[in-house]
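Read through the structure below, which is laid out as structure tokens, and then see the notes.
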Amino acid sequence: MKLNELTTAASSFKKSEKMPVLFVGHGSPMNALEDNPFTQKLNRIGTDIRQRQTPTAILVVSAHFLTKGTYVTASPKPETIHDFGGFPEALFREQYPAPGSPEYAREIMKMVPEVQDTEEWGLDHGAWTILKHMFPEADIPVFELSLDYGRSPQYHFDLAQRLQFLRERGVLIIGSGNIVHNLRQSMPKLMAQDATPYDWAVEFDEWVKTKINQRDFQSLIDFHKAGTMGALSVPTVDHYLPVLYTLGLADKNENITQAYEEVYYGGLSMRTFIAG
């Protein structure tokens, strides 16, 4: 795409105060129904953002939207997807009827031509279970960007940097996953209702925090070099890749605040942080 075409695409929406960018450790879908310290924090984050500037739209990069190739949802009325099983019926009745944002989906495709649009996906639980607490009115358009599961961590970080223009168009971007996410190792503790974390999970979670504070994003891209703690904490990359989107979208000297910190049930991190 020629430079003048990029400029035209980026200028087609009115500029705004730069929106923050978040990573949210979304955890269990049951958080949608619960009133706990984590969901209370989400509510405060949403209130603070709205007081500063109501987003024109919200883009969620969710651990649960995995594709071959990169897709952006373009449905004007995205459905609430209950992409889980074995939970109470009340959770399946939950809806998050926010409108979609086909307009911003098209903007992404203009700026990043390899991204394709789709209406075959709505809002999965990586999106709506947290937005229900952050913006309970469901009055802000929401759309999702998929994770191309065949690509390297470096690719995802680099792609995120190409989306920075959205922050100046009033779009709130949220990476939604979990820094530590090992369900196989966590299941015995979940069954026993033992919330204590494994040492390796705490160690990796703290290592990620330290690297963020040091602005050593390359080490986080190359997390597989972190040894056993990394291999146990990130057995698959789906929940980790959204971290790299949030970091790729952060400005070089932008303050990054740790908003919520918790590792529980063995190998699940709820760490949540905000840039901007």
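To be explicit about the labels: the chains of the structure tokens are called A, B, and onward in the order shown, and within each one the residues are counted from 1, while ligands get numbers from 1 in the order they are shown.
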
Would you write out, as JSON lines, a table of all residues in region 53-112 of chain A that have an atom no more than 8 Å from an atom of region 132-148 of chain A, listing for each the closest atom pair and the distance in Å to one decimal, considering only C-alpha atoms and ordering rows by chain and rising residue number?
{"residue": "A:Pro55", "atom": "CA", "partner": "A:Ile140", "partner_atom": "CA", "distance": 7.1}
{"residue": "A:Thr56", "atom": "CA", "partner": "A:Ile140", "partner_atom": "CA", "distance": 6.8}
{"residue": "A:Ala57", "atom": "CA", "partner": "A:Pro141", "partner_atom": "CA", "distance": 4.8}
{"residue": "A:Ile58", "atom": "CA", "partner": "A:Val142", "partner_atom": "CA", "distance": 4.7}
{"residue": "A:Leu59", "atom": "CA", "partner": "A:Phe143", "partner_atom": "CA", "distance": 5.1}
{"residue": "A:Val60", "atom": "CA", "partner": "A:Glu144", "partner_atom": "CA", "distance": 4.7}
{"residue": "A:Val61", "atom": "CA", "partner": "A:Leu145", "partner_atom": "CA", "distance": 5.1}
{"residue": "A:Ser62", "atom": "CA", "partner": "A:Ser146", "partner_atom": "CA", "distance": 7.0}
{"residue": "A:Ala63", "atom": "CA", "partner": "A:Leu147", "partner_atom": "CA", "distance": 7.4}
{"residue": "A:Phe65", "atom": "CA", "partner": "A:Ser146", "partner_atom": "CA", "distance": 5.0}
{"residue": "A:Leu66", "atom": "CA", "partner": "A:Leu147", "partner_atom": "CA", "distance": 4.9}
{"residue": "A:Thr67", "atom": "CA", "partner": "A:Asp148", "partner_atom": "CA", "distance": 5.0}
{"residue": "A:Lys68", "atom": "CA", "partner": "A:Asp148", "partner_atom": "CA", "distance": 5.1}
{"residue": "A:Gly69", "atom": "CA", "partner": "A:Asp148", "partner_atom": "CA", "distance": 5.0}
{"residue": "A:Thr70", "atom": "CA", "partner": "A:Asp148", "partner_atom": "CA", "distance": 5.2}
{"residue": "A:Tyr71", "atom": "CA", "partner": "A:Ser146", "partner_atom": "CA", "distance": 5.2}
{"residue": "A:Val72", "atom": "CA", "partner": "A:Leu145", "partner_atom": "CA", "distance": 4.5}
{"residue": "A:Thr73", "atom": "CA", "partner": "A:Glu144", "partner_atom": "CA", "distance": 5.5}
{"residue": "A:Ala74", "atom": "CA", "partner": "A:Phe143", "partner_atom": "CA", "distance": 7.1}
{"residue": "A:Pro78", "atom": "CA", "partner": "A:Phe143", "partner_atom": "CA", "distance": 7.8}
{"residue": "A:Tyr96", "atom": "CA", "partner": "A:Ala138", "partner_atom": "CA", "distance": 6.3}
{"residue": "A:Pro97", "atom": "CA", "partner": "A:Ala138", "partner_atom": "CA", "distance": 6.1}
{"residue": "A:Ala98", "atom": "CA", "partner": "A:Ala138", "partner_atom": "CA", "distance": 4.6}
{"residue": "A:Pro99", "atom": "CA", "partner": "A:Pro141", "partner_atom": "CA", "distance": 4.7}
{"residue": "A:Gly100", "atom": "CA", "partner": "A:Pro141", "partner_atom": "CA", "distance": 4.8}
{"residue": "A:Ser101", "atom": "CA", "partner": "A:Pro141", "partner_atom": "CA", "distance": 5.5}
{"residue": "A:Ala105", "atom": "CA", "partner": "A:Phe143", "partner_atom": "CA", "distance": 7.6}

Write a file of the just-selected residues containing N, CA, C and O atoms, as an mmCIF file, in the first residue's frame.
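Wrote again-v3.cif, looks like this:
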data_model
loop_
_atom_site.group_PDB
_atom_site.id
_atom_site.type_symbol
_atom_site.label_atom_id
_atom_site.label_comp_id
_atom_site.auth_asym_id
_atom_site.auth_seq_id
_atom_site.Cartn_x
_atom_site.Cartn_y
_atom_site.Cartn_z
ATOM 1 N N PRO A 55 -14.538 5.252 24.923
ATOM 2 C CA PRO A 55 -14.004 4.718 23.668
ATOM 3 C C PRO A 55 -15.024 4.804 22.542
ATOM 4 O O PRO A 55 -16.231 4.641 22.757
ATOM 5 N N THR A 56 -14.525 5.049 21.339
ATOM 6 C CA THR A 56 -15.409 5.006 20.172
ATOM 7 C C THR A 56 -15.722 3.560 19.799
ATOM 8 O O THR A 56 -16.757 3.270 19.197
ATOM 9 N N ALA A 57 -14.812 2.639 20.150
ATOM 10 C CA ALA A 57 -14.994 1.207 19.918
ATOM 11 C C ALA A 57 -13.985 0.471 20.784
ATOM 12 O O ALA A 57 -13.038 1.060 21.310
ATOM 13 N N ILE A 58 -14.186 -0.831 20.920
ATOM 14 C CA ILE A 58 -13.279 -1.683 21.681
ATOM 15 C C ILE A 58 -12.859 -2.841 20.794
ATOM 16 O O ILE A 58 -13.704 -3.548 20.242
ATOM 17 N N LEU A 59 -11.546 -3.013 20.654
ATOM 18 C CA LEU A 59 -11.001 -4.149 19.912
ATOM 19 C C LEU A 59 -10.405 -5.126 20.917
ATOM 20 O O LEU A 59 -9.545 -4.757 21.717
ATOM 21 N N VAL A 60 -10.860 -6.370 20.877
ATOM 22 C CA VAL A 60 -10.348 -7.397 21.778
ATOM 23 C C VAL A 60 -9.538 -8.412 20.980
ATOM 24 O O VAL A 60 -10.006 -8.926 19.957
ATOM 25 N N VAL A 61 -8.317 -8.664 21.441
ATOM 26 C CA VAL A 61 -7.491 -9.741 20.899
ATOM 27 C C VAL A 61 -7.576 -10.875 21.914
ATOM 28 O O VAL A 61 -6.955 -10.831 22.966
ATOM 29 N N SER A 62 -8.397 -11.867 21.615
ATOM 30 C CA SER A 62 -8.746 -12.901 22.579
ATOM 31 C C SER A 62 -8.010 -14.208 22.323
ATOM 32 O O SER A 62 -7.833 -14.628 21.171
ATOM 33 N N ALA A 63 -7.634 -14.867 23.419
ATOM 34 C CA ALA A 63 -7.005 -16.183 23.349
ATOM 35 C C ALA A 63 -7.912 -17.226 22.709
ATOM 36 O O ALA A 63 -7.434 -18.296 22.306
ATOM 37 N N PHE A 65 -9.973 -16.851 19.976
ATOM 38 C CA PHE A 65 -10.292 -16.646 18.558
ATOM 39 C C PHE A 65 -9.034 -17.007 17.758
ATOM 40 O O PHE A 65 -8.207 -16.155 17.451
ATOM 41 N N LEU A 66 -8.893 -18.290 17.467
ATOM 42 C CA LEU A 66 -7.702 -18.829 16.817
ATOM 43 C C LEU A 66 -8.031 -19.213 15.374
ATOM 44 O O LEU A 66 -9.023 -19.892 15.118
ATOM 45 N N THR A 67 -7.194 -18.781 14.447
ATOM 46 C CA THR A 67 -7.466 -18.994 13.029
ATOM 47 C C THR A 67 -6.168 -19.263 12.274
ATOM 48 O O THR A 67 -5.072 -19.070 12.793
ATOM 49 N N LYS A 68 -6.315 -19.695 11.029
ATOM 50 C CA LYS A 68 -5.208 -19.743 10.089
ATOM 51 C C LYS A 68 -5.342 -18.505 9.226
ATOM 52 O O LYS A 68 -6.293 -18.348 8.469
ATOM 53 N N GLY A 69 -4.415 -17.584 9.351
ATOM 54 C CA GLY A 69 -4.584 -16.247 8.814
ATOM 55 C C GLY A 69 -5.131 -15.353 9.913
ATOM 56 O O GLY A 69 -5.519 -15.830 10.979
ATOM 57 N N THR A 70 -5.153 -14.058 9.656
ATOM 58 C CA THR A 70 -5.638 -13.101 10.652
ATOM 59 C C THR A 70 -6.958 -12.509 10.190
ATOM 60 O O THR A 70 -7.068 -12.027 9.063
ATOM 61 N N TYR A 71 -7.940 -12.540 11.074
ATOM 62 C CA TYR A 71 -9.284 -12.070 10.743
ATOM 63 C C TYR A 71 -9.750 -11.018 11.753
ATOM 64 O O TYR A 71 -9.384 -11.061 12.927
ATOM 65 N N VAL A 72 -10.595 -10.119 11.263
ATOM 66 C CA VAL A 72 -11.240 -9.138 12.123
ATOM 67 C C VAL A 72 -12.743 -9.294 11.946
ATOM 68 O O VAL A 72 -13.235 -9.486 10.834
ATOM 69 N N THR A 73 -13.465 -9.268 13.053
ATOM 70 C CA THR A 73 -14.911 -9.466 12.964
ATOM 71 C C THR A 73 -15.584 -8.200 12.456
ATOM 72 O O THR A 73 -15.257 -7.096 12.875
ATOM 73 N N ALA A 74 -16.538 -8.383 11.562
ATOM 74 C CA ALA A 74 -17.184 -7.246 10.912
ATOM 75 C C ALA A 74 -18.700 -7.295 11.025
ATOM 76 O O ALA A 74 -19.406 -6.601 10.291
ATOM 77 N N PRO A 78 -22.659 -8.584 16.777
ATOM 78 C CA PRO A 78 -21.978 -9.835 17.122
ATOM 79 C C PRO A 78 -22.729 -10.609 18.197
ATOM 80 O O PRO A 78 -23.235 -10.036 19.164
ATOM 81 N N TYR A 96 -24.130 -10.320 26.108
ATOM 82 C CA TYR A 96 -23.486 -9.001 26.072
ATOM 83 C C TYR A 96 -23.811 -8.392 24.708
ATOM 84 O O TYR A 96 -23.096 -8.581 23.730
ATOM 85 N N PRO A 97 -24.946 -7.669 24.640
ATOM 86 C CA PRO A 97 -25.486 -7.252 23.340
ATOM 87 C C PRO A 97 -24.888 -5.968 22.777
ATOM 88 O O PRO A 97 -25.605 -5.108 22.250
ATOM 89 N N ALA A 98 -23.571 -5.825 22.866
ATOM 90 C CA ALA A 98 -22.929 -4.641 22.290
ATOM 91 C C ALA A 98 -22.992 -4.698 20.765
ATOM 92 O O ALA A 98 -22.949 -5.782 20.175
ATOM 93 N N PRO A 99 -23.087 -3.555 20.112
ATOM 94 C CA PRO A 99 -23.003 -3.546 18.640
ATOM 95 C C PRO A 99 -21.584 -3.867 18.193
ATOM 96 O O PRO A 99 -20.630 -3.804 18.982
ATOM 97 N N GLY A 100 -21.440 -4.219 16.922
ATOM 98 C CA GLY A 100 -20.121 -4.423 16.353
ATOM 99 C C GLY A 100 -19.588 -3.145 15.743
ATOM 100 O O GLY A 100 -20.183 -2.069 15.887
ATOM 101 N N SER A 101 -18.456 -3.260 15.046
ATOM 102 C CA SER A 101 -17.866 -2.082 14.419
ATOM 103 C C SER A 101 -17.289 -2.434 13.046
ATOM 104 O O SER A 101 -16.072 -2.506 12.865
ATOM 105 N N ALA A 105 -13.329 -2.283 11.486
ATOM 106 C CA ALA A 105 -12.796 -3.494 10.860
ATOM 107 C C ALA A 105 -12.230 -3.168 9.481
ATOM 108 O O ALA A 105 -11.142 -3.639 9.101
#

Exercise: Thr54 (chain A) partners within 10 Å, only C-alpha atoms, chain neighbours under 6 positions left out, as a PyMOL selection string: chain A and resi 19+46-48+140+170-172

Output N, CA and C atoms of each residue in that selection to a file, as a PDB file, in the first residue's frame.
ATOM      1  N   MET A  19      -5.987   6.512  23.497  1.00  0.00           N
ATOM      2  CA  MET A  19      -6.591   5.584  24.442  1.00  0.00           C
ATOM      3  C   MET A  19      -5.520   4.700  25.068  1.00  0.00           C
ATOM      4  N   GLY A  46     -12.855   0.213  33.974  1.00  0.00           N
ATOM      5  CA  GLY A  46     -13.821   0.704  32.998  1.00  0.00           C
ATOM      6  C   GLY A  46     -14.342   2.084  33.338  1.00  0.00           C
ATOM      7  N   THR A  47     -14.631   2.305  34.626  1.00  0.00           N
ATOM      8  CA  THR A  47     -15.120   3.614  35.064  1.00  0.00           C
ATOM      9  C   THR A  47     -14.064   4.691  34.835  1.00  0.00           C
ATOM     10  N   ASP A  48     -12.817   4.383  35.161  1.00  0.00           N
ATOM     11  CA  ASP A  48     -11.732   5.353  34.969  1.00  0.00           C
ATOM     12  C   ASP A  48     -11.560   5.701  33.496  1.00  0.00           C
ATOM     13  N   ILE A 140     -20.914   0.328  23.857  1.00  0.00           N
ATOM     14  CA  ILE A 140     -19.753   0.676  23.037  1.00  0.00           C
ATOM     15  C   ILE A 140     -19.537  -0.434  22.010  1.00  0.00           C
ATOM     16  N   GLY A 170      -9.577   6.701  19.161  1.00  0.00           N
ATOM     17  CA  GLY A 170     -10.523   6.449  20.242  1.00  0.00           C
ATOM     18  C   GLY A 170     -10.825   4.995  20.504  1.00  0.00           C
ATOM     19  N   VAL A 171     -10.058   4.084  19.910  1.00  0.00           N
ATOM     20  CA  VAL A 171     -10.318   2.660  20.082  1.00  0.00           C
ATOM     21  C   VAL A 171      -9.538   2.126  21.293  1.00  0.00           C
ATOM     22  N   LEU A 172     -10.244   1.518  22.209  1.00  0.00           N
ATOM     23  CA  LEU A 172      -9.626   0.840  23.346  1.00  0.00           C
ATOM     24  C   LEU A 172      -9.280  -0.575  22.907  1.00  0.00           C
TER      25      LEU A 172
END

A:Asn255, A:Gln95, A:Gln154, A:Gln51 ranked by distance to Ser219 (chain A), top pick (using only C-alpha atoms):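 Checking each candidate against Ser219 (chain A), we get A:Gln154 as the closest.
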
Ile274 (chain A) surroundings by only C-alpha atoms, 10 Å radius, close-in-sequence under 2 positions cut, as an MDAnalysis selection string: chainID A and resid 20:24 45 174 246:247 250 254:260 272 276

For CA of Glu261 (chain A) and CA of Ile49 (chain A), the interatomic separation in Å (one decimal):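 Atom-to-atom, CA of Glu261 (chain A) to CA of Ile49 (chain A), that is 19.6 Å.
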
Surrounding residues of Tyr155 (chain A) excluding itself and chain neighbours under 5 positions, 12 Å, only C-alpha atoms, as a PyMOL selection string: chain A and resi 69-70+147-150+160-162+221-222+241+244-245+248

From A:Phe165, A:Ile179, A:Thr118, A:Val112, residue lying nearest Glu17 (chain A) [only C-alpha atoms]: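 Between A:Phe165, A:Ile179, A:Thr118, A:Val112, the residue approaching Glu17 (chain A) most closely is A:Phe165.
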
Sel. of strand (DSSP E) residues, region 24-243 of chain A, as a PyMOL selection string: chain A and resi 24-25+57-67+71-73+116-118+142-148+171-177

Among listed residues A:Arg44, A:His156, A:Arg93, A:His181, nearest Gly230 (chain A) (using only C-alpha atoms): A:His181

One-decimal distance in Å that lies between CA of Gln164 (chain A) and CA of Lys110 (chain A):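 Spanning CA of Lys110 (chain A) to CA of Gln164 (chain A) is a straight-line distance of 13.6 Å.
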
Nearest residue to His239 (chain A) from the set A:Asn182, A:Thr80, A:Gln214, A:Ser75 (distances using only C-alpha atoms):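 Using only C-alpha atoms, the shortest distance to His239 (chain A) belongs to A:Asn182.
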
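Atom pair CA of Ser176 (chain A) / CA of Ile81 (chain A) has a distance of 15.2 Å (rounded to one decimal).
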